[in-house]
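Structure file structure.txt with compact mmCIF, C-alpha atoms:
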```
# COMPACT_ATOMS: atom_id res chain seq x y z
CA LEU B 1 -10.95 -48.36 90.53
CA PRO B 2 -7.83 -47.69 88.45
CA THR B 3 -7.18 -44.43 86.63
CA PRO B 4 -7.92 -44.62 82.89
CA PRO B 5 -4.48 -45.42 81.45
CA ALA B 6 -4.74 -42.82 78.68
CA ALA B 7 -5.16 -39.89 81.08
CA PRO B 8 -1.54 -39.46 82.29
CA ARG B 9 -0.21 -39.91 78.74
CA ARG B 10 -2.62 -37.47 77.12
CA PHE B 11 -2.09 -34.69 79.64
CA GLY B 12 1.55 -35.32 80.53
CA ALA B 13 0.82 -35.94 84.21
CA SER B 14 3.84 -36.88 86.29
CA HIS B 15 1.83 -37.79 89.42
CA ARG B 16 -1.65 -39.01 90.29
CA LEU B 17 -3.54 -37.97 93.42
CA LEU B 18 -6.27 -40.22 94.80
CA LEU B 19 -8.43 -37.79 96.79
CA LEU B 20 -10.81 -39.03 99.48
CA ALA B 21 -13.58 -36.62 100.50
CA LYS B 22 -14.62 -36.84 104.15
CA ASN B 23 -17.83 -35.06 103.24
CA ASN B 24 -19.86 -35.30 100.05
CA ALA B 25 -22.55 -32.87 98.94
CA ASP B 26 -25.28 -35.51 98.72
CA LYS B 27 -23.77 -38.98 99.18
CA PRO B 28 -23.52 -40.54 102.65
CA VAL B 29 -20.62 -42.86 103.47
CA ILE B 30 -21.93 -46.43 103.35
CA GLY B 31 -20.16 -49.78 103.28
CA ALA B 32 -16.45 -49.21 103.84
CA SER B 33 -15.56 -46.62 106.47
CA LEU B 34 -13.45 -43.56 105.66
CA LEU B 35 -10.43 -45.25 107.25
CA GLN B 36 -10.94 -48.41 105.19
CA ARG B 37 -11.30 -46.33 102.02
CA LEU B 38 -8.04 -44.55 102.75
CA GLN B 39 -6.29 -47.86 103.44
CA MET B 40 -7.48 -49.20 100.07
CA MET B 41 -6.24 -46.05 98.36
CA GLU B 42 -2.83 -46.59 99.94
CA LEU B 43 -2.82 -50.19 98.70
CA MET B 44 -3.57 -48.92 95.18
CA ALA B 45 -0.76 -46.37 95.41
CA ARG B 46 1.76 -48.99 96.55
CA ALA B 47 0.62 -51.42 93.84
CA ASP B 48 1.54 -48.88 91.15
CA GLY B 49 5.18 -49.35 92.08
CA ASP B 50 6.49 -46.19 90.42
CA GLY B 51 5.86 -43.86 93.37
CA ALA B 52 3.81 -41.55 91.16
CA THR B 53 0.49 -42.18 92.92
CA LEU B 54 -0.25 -40.12 96.03
CA CYS B 55 -3.15 -40.21 98.48
CA GLY B 56 -4.96 -37.25 100.02
CA VAL B 57 -7.98 -36.44 102.18
CA THR B 58 -10.18 -33.37 101.92
CA ALA B 59 -13.01 -32.02 104.07
CA HIS B 60 -14.41 -29.98 101.16
CA PRO B 61 -17.67 -31.41 99.76
CA LEU B 62 -17.77 -29.20 96.65
CA PHE B 63 -15.34 -29.47 93.76
CA VAL B 64 -14.96 -25.69 93.58
CA ASP B 65 -13.44 -25.73 97.06
CA LYS B 66 -11.39 -28.86 96.37
CA ALA B 67 -9.90 -27.17 93.31
CA SER B 68 -8.99 -24.05 95.28
CA ALA B 69 -7.33 -26.14 97.99
CA LEU B 70 -5.34 -28.14 95.43
CA ARG B 71 -4.12 -24.95 93.78
CA SER B 72 -3.00 -23.56 97.14
CA LEU B 73 -1.20 -26.82 97.91
CA CYS B 74 0.52 -27.20 94.53
CA GLY B 75 1.43 -23.57 93.87
CA HIS B 76 0.62 -21.40 90.88
CA GLU B 77 2.81 -23.08 88.26
CA ALA B 78 1.88 -26.77 88.52
CA PRO B 79 -0.73 -27.93 85.99
CA ILE B 80 -3.60 -29.69 87.75
CA TYR B 81 -6.11 -31.89 85.94
CA LEU B 82 -9.22 -32.93 87.84
CA LEU B 83 -10.38 -36.28 86.44
CA VAL B 84 -14.07 -37.04 87.00
CA GLY B 85 -16.65 -39.41 85.61
CA LEU B 86 -19.76 -38.30 83.77
CA ASP B 87 -22.06 -38.80 86.78
CA THR B 88 -19.82 -36.59 88.92
CA TRP B 89 -19.68 -33.94 86.19
CA GLU B 90 -23.47 -33.82 86.12
CA ARG B 91 -23.43 -33.05 89.86
CA ILE B 92 -20.72 -30.40 89.41
CA VAL B 93 -22.87 -28.42 86.95
CA ASP B 94 -26.16 -28.96 88.84
CA PRO B 95 -27.34 -25.47 89.97
CA ARG B 96 -28.84 -26.83 93.22
CA TYR B 97 -25.37 -27.08 94.77
CA TYR B 98 -24.80 -23.33 94.47
CA VAL B 99 -26.44 -20.17 95.73
CA ALA B 100 -29.24 -19.03 93.46
CA GLY B 101 -27.79 -17.71 90.22
CA GLY B 102 -24.24 -18.30 91.42
CA ARG B 103 -23.25 -21.48 89.61
CA ASP B 104 -21.37 -19.94 86.69
CA ALA B 105 -19.39 -17.57 88.91
CA ALA B 106 -18.39 -20.47 91.18
CA LEU B 107 -17.38 -22.67 88.26
CA THR B 108 -15.41 -19.82 86.67
CA SER B 109 -13.36 -19.90 89.88
CA LEU B 110 -12.96 -23.67 89.56
CA PHE B 111 -11.59 -23.40 86.02
CA ARG B 112 -9.16 -20.71 87.10
CA SER B 113 -7.71 -23.20 89.58
CA VAL B 114 -7.68 -26.45 87.59
CA GLU B 115 -8.44 -28.05 84.25
CA VAL B 116 -11.25 -30.60 84.28
CA VAL B 117 -11.23 -33.89 82.36
CA VAL B 118 -14.57 -35.72 82.10
CA THR B 119 -14.42 -39.38 81.13
CA SER B 120 -17.12 -41.25 79.24
CA ARG B 121 -19.17 -44.01 80.79
CA ASP B 122 -20.49 -47.25 79.38
CA PRO B 123 -23.43 -46.12 77.21
CA VAL B 124 -25.27 -49.45 77.38
CA GLY B 125 -28.63 -48.87 79.02
CA GLY B 126 -27.62 -45.36 80.01
CA SER B 127 -28.48 -41.84 78.98
CA PRO B 128 -27.12 -40.25 76.89
CA SER B 129 -26.90 -43.41 74.84
CA THR B 130 -23.69 -42.83 72.89
CA VAL B 131 -20.23 -41.51 73.69
CA VAL B 132 -20.67 -38.84 70.99
CA GLN B 133 -23.79 -37.62 72.81
CA GLN B 134 -21.93 -37.67 76.11
CA GLU B 135 -19.15 -35.53 74.66
CA ALA B 136 -21.64 -33.03 73.24
CA LEU B 137 -23.45 -32.87 76.59
CA VAL B 138 -20.24 -32.20 78.54
CA LEU B 139 -18.67 -29.68 76.20
CA GLY B 140 -21.96 -27.82 75.75
CA SER B 141 -22.96 -27.74 79.42
CA LEU B 142 -21.24 -24.44 80.28
CA PRO B 143 -20.47 -21.20 78.44
CA GLY B 144 -16.96 -20.89 77.03
CA ALA B 145 -16.46 -17.80 79.19
CA VAL B 146 -16.73 -20.07 82.24
CA THR B 147 -14.53 -22.97 81.10
CA ALA B 148 -11.90 -20.84 79.29
CA GLY B 149 -10.77 -23.80 77.19
CA ARG B 150 -9.95 -25.81 80.31
CA LEU B 151 -12.74 -28.40 80.02
CA HIS B 152 -11.82 -31.67 78.27
CA PHE B 153 -13.69 -34.84 77.38
CA MET B 154 -11.84 -38.14 77.25
CA ARG B 155 -13.23 -41.31 75.80
CA ASN B 156 -12.61 -44.25 78.06
CA ASP B 157 -11.52 -47.52 76.55
CA GLN B 158 -14.40 -49.99 76.46
CA ALA B 159 -13.14 -52.23 79.27
CA MET B 160 -12.57 -49.30 81.63
CA ALA B 161 -15.90 -47.63 80.84
CA ALA B 162 -17.79 -50.82 81.72
CA LEU B 163 -16.33 -51.04 85.25
CA SER B 164 -18.63 -50.14 88.11
CA SER B 165 -18.47 -50.22 91.90
CA SER B 166 -21.84 -52.01 92.04
CA GLU B 167 -20.42 -54.76 89.81
CA ALA B 168 -17.43 -55.11 92.14
CA ARG B 169 -19.63 -55.31 95.24
CA GLY B 170 -21.87 -57.88 93.55
CA ALA B 171 -18.92 -60.10 92.63
CA ILE B 172 -17.59 -59.93 96.20
CA SER B 173 -21.02 -60.73 97.63
CA ALA B 174 -21.39 -63.70 95.28
CA ASN B 175 -17.84 -64.90 96.10
CA ASP B 176 -17.13 -64.84 92.36
CA LEU B 177 -13.34 -64.53 92.31
CA PRO B 178 -12.83 -64.30 88.50
CA ALA B 179 -15.51 -61.61 88.21
CA ALA B 180 -14.12 -59.69 91.18
CA LEU B 181 -10.57 -59.71 89.84
CA GLY B 182 -11.90 -58.52 86.50
CA VAL B 183 -13.06 -55.31 88.19
CA ILE B 184 -10.68 -54.65 91.09
CA PRO B 185 -6.96 -55.27 91.71
CA GLU B 186 -5.94 -58.34 93.68
CA CYS B 187 -4.68 -56.24 96.61
CA ILE B 188 -8.11 -54.63 97.00
CA HIS B 189 -9.90 -57.95 96.69
CA ALA B 190 -7.72 -59.40 99.46
CA TYR B 191 -8.42 -56.38 101.66
CA LEU B 192 -12.18 -56.64 101.16
CA ARG B 193 -12.17 -60.34 101.98
CA GLU B 194 -9.97 -59.84 105.05
CA ASN B 195 -12.28 -57.13 106.37
CA LYS B 196 -15.47 -58.94 105.33
CA LEU B 197 -16.71 -55.98 103.31
CA TYR B 198 -19.63 -56.34 100.88
CA GLU B 199 -20.10 -60.02 101.65
```
Entire entry expressed as structure tokens:
Amino acid sequence: LPTPPAAPRRFGASHRLLLLAKNNADKPVIGASLLQRLQMMELMARADGDGATLCGVTAHPLFVDKASALRSLCGHEAPIYLLVGLDTWERIVDPRYYVAGGRDAALTSLFRSVEVVVTSRDPVGGSPSTVVQQEALVLGSLPGAVTAGRLHFMRNDQAMAALSSSEARGAISANDLPAALGVIPECIHAYLRENKLYE
């Protein structure tokens, strides 16, 4: 799905990196293969047209390790903003992904490497039920000594917040072209149809 348009403007980002994880902490790869996912990322990057979107692959399942690798790759001076959705943020702060009692130390390391931007999700039928509650949840989820002022919350515009991968897959499966193109770019829709994905 596309990057929220306000993110590069708000944080002065000159480039965007679409990062594909070969391994996830608790989510198996289903549907499109890793190769197909990378090919779709490349289509998205080319569709941007300004050359500012890059594609990358990582073997690190945890964001702490991804952040460290990005810092090593980009050098010490480049500002790096890690843009994640609310569901992903909830996994990042979940203690079960860290050694017992080690979450805050690990996340202190993450915030030394990168700044983190958490975007809101569509509150309809979800929890927390409002964007204000989501913001309070995110900004209050870690001690200030851990985040060091490098944790940000960004309100998505309503259209972007309502997008979901399940909605896209459902539109493809139903062969509903208008609905599909309302969620995904035309180049991705063509790729999915050509490769008979999610039909």
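Considering all atoms listed in the file, the residue among B:Val131, B:Leu110, B:Cys187, B:Ala180 positioned nearest to Ala69 of chain B is B:Leu110.
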Requested in this report: Identify the residues within 12 Å of coordinate (-3.9, -50.4, 97.0) (same frame as the file), considering all atoms listed in the file, and give the answer as a VMD selection string.
Outcome: chain B and resid 1 to 2 18 36 to 49 53 to 55 184 to 192
Prev. selection, C-alpha atoms, output as an mmCIF file, keeping the file's coordinate frame:
```cif
data_model
loop_
_atom_site.group_PDB
_atom_site.id
_atom_site.type_symbol
_atom_site.label_atom_id
_atom_site.label_comp_id
_atom_site.auth_asym_id
_atom_site.auth_seq_id
_atom_site.Cartn_x
_atom_site.Cartn_y
_atom_site.Cartn_z
ATOM 1 C CA LEU B 1 -10.950 -48.360 90.530
ATOM 2 C CA PRO B 2 -7.830 -47.690 88.450
ATOM 3 C CA LEU B 18 -6.270 -40.220 94.800
ATOM 4 C CA GLN B 36 -10.940 -48.410 105.190
ATOM 5 C CA ARG B 37 -11.300 -46.330 102.020
ATOM 6 C CA LEU B 38 -8.040 -44.550 102.750
ATOM 7 C CA GLN B 39 -6.290 -47.860 103.440
ATOM 8 C CA MET B 40 -7.480 -49.200 100.070
ATOM 9 C CA MET B 41 -6.240 -46.050 98.360
ATOM 10 C CA GLU B 42 -2.830 -46.590 99.940
ATOM 11 C CA LEU B 43 -2.820 -50.190 98.700
ATOM 12 C CA MET B 44 -3.570 -48.920 95.180
ATOM 13 C CA ALA B 45 -0.760 -46.370 95.410
ATOM 14 C CA ARG B 46 1.760 -48.990 96.550
ATOM 15 C CA ALA B 47 0.620 -51.420 93.840
ATOM 16 C CA ASP B 48 1.540 -48.880 91.150
ATOM 17 C CA GLY B 49 5.180 -49.350 92.080
ATOM 18 C CA THR B 53 0.490 -42.180 92.920
ATOM 19 C CA LEU B 54 -0.250 -40.120 96.030
ATOM 20 C CA CYS B 55 -3.150 -40.210 98.480
ATOM 21 C CA ILE B 184 -10.680 -54.650 91.090
ATOM 22 C CA PRO B 185 -6.960 -55.270 91.710
ATOM 23 C CA GLU B 186 -5.940 -58.340 93.680
ATOM 24 C CA CYS B 187 -4.680 -56.240 96.610
ATOM 25 C CA ILE B 188 -8.110 -54.630 97.000
ATOM 26 C CA HIS B 189 -9.900 -57.950 96.690
ATOM 27 C CA ALA B 190 -7.720 -59.400 99.460
ATOM 28 C CA TYR B 191 -8.420 -56.380 101.660
ATOM 29 C CA LEU B 192 -12.180 -56.640 101.160
#
```
Query raised in the report: Near segment 169-177 of chain B, counting only C-alpha atoms, which residues have an atom at most 9 Å away, once you skip same-chain residues fewer than 2 positions from it, shown as a PyMOL selection string?
Result: chain B and resi 164-167+179-183+189+192-193+197-199
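Among the candidates B:Leu139, B:Ala25, B:Val64, B:Leu35, the one nearest to Asp104 of chain B when counting all atoms listed in the file is B:Val64.
Of note, atom CA of Ser120 of chain B and atom CA of Thr108 of chain B are spaced 22.7 Å apart.
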Could you add whatever atoms are missing so that segment 184-195 of chain B carries N, CA and C atoms, then write the result as an mmCIF file, keeping the file's coordinate frame?
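Dumped everything to out21.cif:
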```cif
data_model
loop_
_atom_site.group_PDB
_atom_site.id
_atom_site.type_symbol
_atom_site.label_atom_id
_atom_site.label_comp_id
_atom_site.auth_asym_id
_atom_site.auth_seq_id
_atom_site.Cartn_x
_atom_site.Cartn_y
_atom_site.Cartn_z
ATOM 1 N N ILE B 184 -11.534 -55.295 90.087
ATOM 2 C CA ILE B 184 -10.680 -54.650 91.090
ATOM 3 C C ILE B 184 -9.321 -55.353 91.160
ATOM 4 N N PRO B 185 -8.272 -54.643 91.574
ATOM 5 C CA PRO B 185 -6.960 -55.270 91.710
ATOM 6 C C PRO B 185 -6.958 -56.340 92.809
ATOM 7 N N GLU B 186 -6.010 -57.247 92.711
ATOM 8 C CA GLU B 186 -5.940 -58.340 93.680
ATOM 9 C C GLU B 186 -5.737 -57.819 95.101
ATOM 10 N N CYS B 187 -4.934 -56.757 95.266
ATOM 11 C CA CYS B 187 -4.680 -56.240 96.610
ATOM 12 C C CYS B 187 -5.961 -55.713 97.256
ATOM 13 N N ILE B 188 -6.847 -55.129 96.457
ATOM 14 C CA ILE B 188 -8.110 -54.630 97.000
ATOM 15 C C ILE B 188 -9.056 -55.783 97.297
ATOM 16 N N HIS B 189 -9.065 -56.782 96.434
ATOM 17 C CA HIS B 189 -9.900 -57.950 96.690
ATOM 18 C C HIS B 189 -9.501 -58.623 98.001
ATOM 19 N N ALA B 190 -8.197 -58.775 98.217
ATOM 20 C CA ALA B 190 -7.720 -59.400 99.460
ATOM 21 C C ALA B 190 -8.125 -58.572 100.672
ATOM 22 N N TYR B 191 -8.038 -57.260 100.552
ATOM 23 C CA TYR B 191 -8.420 -56.380 101.660
ATOM 24 C C TYR B 191 -9.912 -56.515 101.970
ATOM 25 N N LEU B 192 -10.740 -56.525 100.954
ATOM 26 C CA LEU B 192 -12.180 -56.640 101.160
ATOM 27 C C LEU B 192 -12.535 -57.961 101.813
ATOM 28 N N ARG B 193 -11.887 -59.040 101.378
ATOM 29 C CA ARG B 193 -12.170 -60.340 101.980
ATOM 30 C C ARG B 193 -11.691 -60.382 103.433
ATOM 31 N N GLU B 194 -10.510 -59.839 103.688
ATOM 32 C CA GLU B 194 -9.970 -59.840 105.050
ATOM 33 C C GLU B 194 -10.864 -59.060 105.998
ATOM 34 N N ASN B 195 -11.440 -57.982 105.515
ATOM 35 C CA ASN B 195 -12.280 -57.130 106.370
ATOM 36 C C ASN B 195 -13.758 -57.424 106.235
#
```
